[in-house]
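Asks: Just coords.txt, nothing more (compact mmCIF, C-alpha atoms):
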```txt
# COMPACT_ATOMS: atom_id res chain seq x y z
CA MET A 1 7.53 -2.35 7.40
CA ASP A 2 5.16 -5.14 8.37
CA SER A 3 7.47 -8.16 8.39
CA ARG A 4 5.24 -10.89 9.77
CA PRO A 5 5.97 -14.28 8.26
CA HIS A 6 3.36 -16.53 6.71
CA GLN A 7 1.72 -19.32 8.61
CA ASP A 8 2.72 -21.64 5.75
CA THR A 9 4.93 -21.62 2.68
CA SER A 10 2.43 -20.34 0.13
CA GLY A 11 2.68 -16.83 -1.24
CA SER A 12 3.53 -14.88 -4.34
CA PHE A 13 6.42 -13.12 -5.93
CA PHE A 14 6.98 -11.04 -9.02
CA SER A 15 9.72 -11.46 -11.58
CA SER A 16 11.28 -9.23 -14.19
CA SER A 17 11.91 -10.56 -17.66
CA SER A 18 15.38 -11.61 -16.52
CA ASP A 19 13.88 -13.67 -13.66
CA LYS A 20 16.02 -11.89 -11.09
CA LEU A 21 13.44 -9.58 -9.48
CA GLN A 22 11.54 -11.15 -6.57
CA LEU A 23 9.09 -9.61 -4.10
CA TYR A 24 8.64 -11.38 -0.80
CA SER A 25 5.07 -10.58 0.18
CA TYR A 26 2.26 -11.31 2.64
CA TRP A 27 -1.34 -11.09 1.53
CA GLN A 28 -2.72 -8.97 4.43
CA SER A 29 0.12 -6.44 4.59
CA SER A 30 -0.80 -3.04 3.15
CA CYS A 31 2.93 -2.37 2.69
CA SER A 32 3.16 -5.39 0.41
CA TRP A 33 -0.12 -4.46 -1.27
CA ARG A 34 1.17 -1.08 -2.46
CA VAL A 35 4.28 -2.74 -3.91
CA ARG A 36 2.17 -5.42 -5.65
CA PHE A 37 -0.02 -2.64 -7.10
CA ALA A 38 3.03 -0.80 -8.45
CA LEU A 39 4.55 -3.96 -9.91
CA ASN A 40 1.29 -4.72 -11.69
CA LEU A 41 1.20 -1.18 -13.07
CA LYS A 42 4.76 -1.62 -14.30
CA LYS A 43 3.73 -4.86 -16.02
CA PHE A 44 5.80 -7.36 -14.06
CA GLU A 45 4.42 -10.91 -13.93
CA ARG A 46 3.55 -12.83 -10.79
CA LEU A 47 5.24 -16.22 -10.82
CA ASN A 48 6.02 -18.22 -7.67
CA PRO A 49 5.66 -18.74 -3.87
CA LEU A 50 7.63 -16.87 -1.18
CA HIS A 51 7.75 -16.07 2.54
CA PHE A 52 8.07 -12.55 4.08
CA VAL A 53 6.90 -8.95 3.54
CA PRO A 54 7.84 -6.67 1.89
CA VAL A 55 11.35 -7.45 0.66
CA LEU A 56 12.47 -6.94 -2.92
CA VAL A 57 15.39 -8.96 -4.25
CA ASP A 58 16.87 -7.72 -7.51
CA GLY A 59 19.94 -9.73 -8.36
CA ASP A 60 22.33 -9.21 -5.45
CA LEU A 61 20.42 -6.21 -4.04
CA VAL A 62 17.93 -6.59 -1.18
CA VAL A 63 15.54 -3.71 -0.41
CA SER A 64 13.29 -4.08 2.63
CA ASP A 65 11.08 -0.98 2.99
CA SER A 66 8.02 -0.44 0.78
CA PHE A 67 8.77 3.25 0.11
CA ALA A 68 12.40 2.46 -0.68
CA ILE A 69 11.29 -0.44 -2.89
CA LEU A 70 8.98 1.79 -4.93
CA LEU A 71 11.59 4.52 -5.34
CA TYR A 72 14.12 1.89 -6.43
CA LEU A 73 11.67 0.40 -8.94
CA GLU A 74 10.92 3.85 -10.29
CA GLU A 75 14.60 4.51 -11.01
CA LYS A 76 15.63 1.04 -12.15
CA TYR A 77 12.48 0.20 -14.16
CA PRO A 78 11.17 3.53 -15.53
CA GLN A 79 8.48 2.00 -17.75
CA ASN A 80 4.98 3.21 -16.79
CA ALA A 81 6.48 5.87 -14.53
CA LEU A 82 4.70 6.54 -11.25
CA LEU A 83 6.42 9.84 -10.45
CA PRO A 84 5.56 12.75 -12.79
CA VAL A 85 8.21 14.90 -14.42
CA ASP A 86 6.63 18.12 -13.12
CA ALA A 87 8.48 19.01 -9.90
CA LYS A 88 5.41 20.30 -8.07
CA CYS A 89 3.27 17.29 -8.89
CA ARG A 90 6.18 14.99 -8.06
CA ALA A 91 6.51 16.62 -4.63
CA VAL A 92 2.77 16.17 -3.98
CA ASN A 93 3.06 12.47 -4.79
CA LEU A 94 5.98 12.04 -2.42
CA GLN A 95 4.14 13.97 0.31
CA ALA A 96 1.09 11.74 -0.05
CA ALA A 97 3.23 8.62 0.12
CA SER A 98 5.00 9.96 3.20
CA ILE A 99 1.73 10.69 5.01
CA VAL A 100 0.60 7.09 4.51
CA THR A 101 3.93 5.51 5.45
CA SER A 102 4.81 7.81 8.36
CA SER A 103 1.57 9.06 9.88
CA MET A 104 -0.96 6.34 9.17
CA GLN A 105 -0.01 2.73 8.44
CA PRO A 106 2.61 2.33 11.22
CA LEU A 107 0.10 3.50 13.82
CA HIS A 108 -2.52 0.87 13.04
CA MET A 109 -0.26 -2.12 12.49
CA LEU A 110 -1.50 -5.23 14.28
CA SER A 111 1.48 -5.18 16.64
CA VAL A 112 0.69 -1.59 17.69
CA LEU A 113 -3.02 -2.31 18.15
CA LYS A 114 -2.22 -5.39 20.21
CA TYR A 115 0.03 -3.28 22.45
CA ILE A 116 -2.69 -0.64 22.88
CA GLU A 117 -5.21 -3.33 23.75
CA GLU A 118 -2.91 -4.94 26.31
CA LYS A 119 -1.88 -1.66 27.97
CA VAL A 120 -5.11 0.34 27.85
CA GLY A 121 -7.93 -2.05 27.02
CA PRO A 122 -9.75 -3.54 24.02
CA GLU A 123 -12.15 -0.61 23.76
CA GLU A 124 -9.26 1.74 22.93
CA ARG A 125 -7.99 -0.33 20.00
CA GLN A 126 -10.61 0.85 17.51
CA SER A 127 -10.65 4.48 18.67
CA TRP A 128 -6.85 4.66 18.40
CA ALA A 129 -6.95 3.35 14.83
CA GLU A 130 -9.83 5.61 13.82
CA TYR A 131 -8.12 8.70 15.24
CA HIS A 132 -4.86 8.21 13.35
CA ILE A 133 -6.57 7.09 10.14
CA GLY A 134 -8.86 10.13 10.23
CA LYS A 135 -5.97 12.49 10.91
CA GLY A 136 -4.05 11.11 7.96
CA PHE A 137 -7.01 11.20 5.59
CA ALA A 138 -7.73 14.82 6.58
CA ALA A 139 -4.18 15.74 5.59
CA LEU A 140 -4.44 13.81 2.32
CA GLU A 141 -7.82 15.35 1.43
CA LYS A 142 -6.37 18.83 1.94
CA LEU A 143 -3.20 18.00 -0.01
CA LEU A 144 -4.87 16.39 -3.01
CA LYS A 145 -8.12 18.31 -3.52
CA ASP A 146 -6.49 20.91 -5.79
CA PHE A 147 -4.42 18.37 -7.74
CA ALA A 148 -6.77 15.44 -8.22
CA GLY A 149 -8.23 14.59 -11.58
CA ARG A 150 -9.43 11.10 -12.26
CA TYR A 151 -6.59 9.94 -10.03
CA ALA A 152 -4.73 11.48 -7.10
CA THR A 153 -2.69 14.06 -8.99
CA GLY A 154 -4.33 14.22 -12.39
CA ASP A 155 -5.61 11.88 -15.07
CA GLU A 156 -2.60 9.55 -14.98
CA ILE A 157 -2.10 7.12 -12.15
CA CYS A 158 0.91 8.01 -10.01
CA MET A 159 2.66 7.00 -6.81
CA ALA A 160 0.14 8.77 -4.57
CA ASP A 161 -2.53 6.38 -5.87
CA VAL A 162 -0.34 3.36 -5.13
CA PHE A 163 -0.10 4.39 -1.48
CA LEU A 164 -3.60 5.78 -1.11
CA ALA A 165 -5.80 3.04 -2.59
CA PRO A 166 -4.62 0.17 -0.34
CA GLN A 167 -4.77 2.46 2.71
CA ILE A 168 -8.38 3.41 2.02
CA SER A 169 -9.32 -0.20 1.40
CA VAL A 170 -7.76 -1.30 4.70
CA ALA A 171 -9.48 1.56 6.55
CA VAL A 172 -12.89 0.66 5.16
CA MET A 173 -12.67 -3.13 5.20
CA ARG A 174 -10.66 -3.76 8.37
CA PHE A 175 -11.70 -0.80 10.53
CA LYS A 176 -15.11 0.05 9.03
CA PHE A 177 -13.95 3.63 8.73
CA ASP A 178 -16.49 6.20 7.51
CA MET A 179 -15.04 7.95 4.44
CA SER A 180 -17.95 10.37 3.93
CA LYS A 181 -15.91 13.38 5.11
CA PHE A 182 -13.31 12.83 2.39
CA PRO A 183 -15.03 13.20 -1.02
CA THR A 184 -11.82 13.72 -2.99
CA LEU A 185 -10.25 10.58 -1.56
CA CYS A 186 -13.43 8.59 -2.19
CA ARG A 187 -13.52 9.66 -5.82
CA ILE A 188 -9.85 8.76 -6.31
CA TYR A 189 -10.39 5.39 -4.67
CA GLU A 190 -13.35 4.57 -6.89
CA ALA A 191 -11.18 5.20 -9.95
CA ASN A 192 -8.31 3.13 -8.58
CA LYS A 193 -10.22 0.11 -7.40
CA VAL A 194 -11.52 -0.82 -10.85
CA LEU A 195 -8.05 -0.90 -12.41
CA PRO A 196 -6.93 -4.40 -13.44
CA ALA A 197 -3.56 -3.75 -11.75
CA PHE A 198 -5.31 -2.96 -8.46
CA GLN A 199 -7.69 -5.89 -8.76
CA ALA A 200 -4.75 -8.24 -9.34
CA SER A 201 -3.04 -6.91 -6.21
CA LEU A 202 -6.03 -7.48 -3.88
CA PRO A 203 -5.07 -9.44 -0.74
CA GLU A 204 -7.71 -12.12 -1.26
CA ARG A 205 -6.34 -12.84 -4.73
CA GLN A 206 -2.85 -13.69 -3.49
CA PRO A 207 -1.80 -17.35 -3.40
CA ASP A 208 -1.02 -17.15 0.32
CA ALA A 209 -4.43 -15.67 1.22
CA SER A 210 -6.26 -17.40 4.04
CA ILE A 211 -9.95 -16.44 3.95
CA ASP A 212 -12.14 -17.88 6.70
```
What does this structure look like when you write it as C-alpha cells?
Replies:
Amino acid sequence: MDSRPHQDTSGSFFSSSSDKLQLYSYWQSSCSWRVRFALNLKKFERLNPLHFVPVLVDGDLVVSDSFAILLYLEEKYPQNALLPVDAKCRAVNLQAASIVTSSMQPLHMLSVLKYIEEKVGPEERQSWAEYHIGKGFAALEKLLKDFAGRYATGDEICMADVFLAPQISVAVMRFKFDMSKFPTLCRIYEANKVLPAFQASLPERQPDASID
C-alpha cells in the first residue's frame, strides 16, 4: 500500500447511499486509482475531501489494503460484480490482480526507486522499474491472451481490468514503457481507458491533483 499523505488537505472520497463509506485517497497512487475505478464501476458517488491512501472506512470497519478493499467491496456491495461466477474465470481475475499487487506495483513505488537511486545510482532507477514492469506484463499477457475478449477476461469488465488499466497507464505515462510486445494488454487497455468510470478515476481529475 502506498500510504503517502497529501501535501495539503484537498482530496476526494466516495460515499455509499448511507453516507458511511469513505475512501481515503491520493491522486498519484495507483493503489488508490484501482479502488476509485472499482467504486465508479459500482456506482458510488464522489463527495468530499480526505487525506491518505488507500484506506476504506465503512461504518466502524477500516480496511487499508487495495486488494482487501476490493474484495470487501465485492462481498458487501455486490452490485455490478467484478468477480465472475465461473470458477476458472474468477481464478484468472484473482491471479491477474495478484501479479499487479505482488510482482509489479510494490517494486516501482517511489520509496523503492528512491532507495535504488541512493544505493546504486540514478541510472539504475529506470532500468529497475522497466525490468519489473516488463516481467509482470509478460506474465499478464500469457495469462490473459486465451481469456480476453473486449476486456481482460471476456466482454464484461472484471477485477483484472481494475488492476490492469491503472498499472498500464502508470507504466506508459510515468516510466515511458514500451507496450508493443504486449498486444493483448494493449487491446484491453484501449477498451478500459474510454470507460466513463475509468475516466472519472484518472489521477489528474481528482480534487487533490497537483499538475505542474
Asks: Just how far from atom CA of A:Glu75 is atom CA of A:Tyr189, in Å to one decimal?
Replies: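 Going from atom CA of A:Tyr189 over to atom CA of A:Glu75, I get 25.8 Å.
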Asks: Which stretch 151-200 of chain A residues have any atom within 12 Å of an atom of stretch 102-116 of chain A, and for each, what is the nearest pair of atoms with distance in Å to one decimal, counting only C-alpha atoms, rows sorted by chain and number, as a Markdown table?
Replies:
```
| residue | atom | partner | partner_atom | distance |
| --- | --- | --- | --- | --- |
| A:Phe163 | CA | A:Gln105 | CA | 10.1 |
| A:Leu164 | CA | A:Met104 | CA | 10.6 |
| A:Pro166 | CA | A:Gln105 | CA | 10.2 |
| A:Gln167 | CA | A:Gln105 | CA | 7.5 |
| A:Ile168 | CA | A:Gln105 | CA | 10.6 |
| A:Val170 | CA | A:Gln105 | CA | 9.5 |
| A:Ala171 | CA | A:His108 | CA | 9.5 |
| A:Arg174 | CA | A:His108 | CA | 10.5 |
| A:Phe175 | CA | A:His108 | CA | 9.7 |
```
Asks: Could those residues be written to a file, using C-alpha atoms, as a PDB file, keeping the file's coordinate frame?
Replies:
```pdb
ATOM      1  CA  PHE A 163      -0.100   4.390  -1.480  1.00  0.00           C
ATOM      2  CA  LEU A 164      -3.600   5.780  -1.110  1.00  0.00           C
ATOM      3  CA  PRO A 166      -4.620   0.170  -0.340  1.00  0.00           C
ATOM      4  CA  GLN A 167      -4.770   2.460   2.710  1.00  0.00           C
ATOM      5  CA  ILE A 168      -8.380   3.410   2.020  1.00  0.00           C
ATOM      6  CA  VAL A 170      -7.760  -1.300   4.700  1.00  0.00           C
ATOM      7  CA  ALA A 171      -9.480   1.560   6.550  1.00  0.00           C
ATOM      8  CA  ARG A 174     -10.660  -3.760   8.370  1.00  0.00           C
ATOM      9  CA  PHE A 175     -11.700  -0.800  10.530  1.00  0.00           C
TER      10      PHE A 175
END
```
Asks: Any idea what's packed within 7 Å of stretch 145-154 of chain A, counting all atoms listed in the file, ignoring anything in its chain fewer than 3 positions away? Could you give it as a list of chain:residue names?
Replies: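 That gives A:Cys89, A:Glu141, A:Lys142, A:Ile157, A:Ala160, A:Asp161, A:Thr184, A:Ile188, A:Ala191.
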Asks: I need the residues from that last selection saved to file as a PDB file, in the frame of the given file (with C-alpha atoms), if you can.
Replies:
```pdb
ATOM      1  CA  CYS A  89       3.270  17.290  -8.890  1.00  0.00           C
ATOM      2  CA  GLU A 141      -7.820  15.350   1.430  1.00  0.00           C
ATOM      3  CA  LYS A 142      -6.370  18.830   1.940  1.00  0.00           C
ATOM      4  CA  ILE A 157      -2.100   7.120 -12.150  1.00  0.00           C
ATOM      5  CA  ALA A 160       0.140   8.770  -4.570  1.00  0.00           C
ATOM      6  CA  ASP A 161      -2.530   6.380  -5.870  1.00  0.00           C
ATOM      7  CA  THR A 184     -11.820  13.720  -2.990  1.00  0.00           C
ATOM      8  CA  ILE A 188      -9.850   8.760  -6.310  1.00  0.00           C
ATOM      9  CA  ALA A 191     -11.180   5.200  -9.950  1.00  0.00           C
TER      10      ALA A 191
END
```
Asks: Need to verify the contact set: A:Ala138, 9 Å, all atoms listed in the file, exclusion of same-chain residues closer than 5 positions in sequence. Can you return it as a ChimeraX atom specification?
Replies: /A:133,143,181-182
Asks: Separation of atom CA of A:Ile69 and atom CA of A:Ala38, in Å?
Replies: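 Atom CA of A:Ala38 lies 10.0 Å from atom CA of A:Ile69.
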Asks: Could you tell me how far atom CA of A:Ser32 lies from atom CA of A:Ser64, in Å and to one decimal?
Replies: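 Computing the Euclidean distance for atom CA of A:Ser32 and atom CA of A:Ser64 yields 10.5 Å.
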Asks: Nearest to A:Ala165: which of A:Ser66, A:Leu94, A:Leu202, A:Gly134 is it, counting all atoms listed in the file?
Replies: A:Leu202
Asks: Can you work out which one of A:Pro183, A:Trp33, A:Lys42, A:Glu74 has the shortest atom-to-atom distance to A:Pro54, counting all atoms listed in the file?
Replies: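 Among A:Pro183, A:Trp33, A:Lys42, A:Glu74, it is A:Trp33 that comes nearest to A:Pro54.
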Asks: So that I can see what lies close to A:Arg90, please list as a VMD selection string the residues with an atom at most 10 Å from it, counting all atoms listed in the file and leaving out residues fewer than 5 positions away in the same chain.
Replies: chain A and resid 82 to 85 95 153 158 to 160
Asks: When you count all atoms listed in the file, which of these residues is closest to A:Asp178: A:Pro196, A:Glu117, A:Val100, A:Tyr131?
Replies: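 Closest candidate: A:Tyr131.
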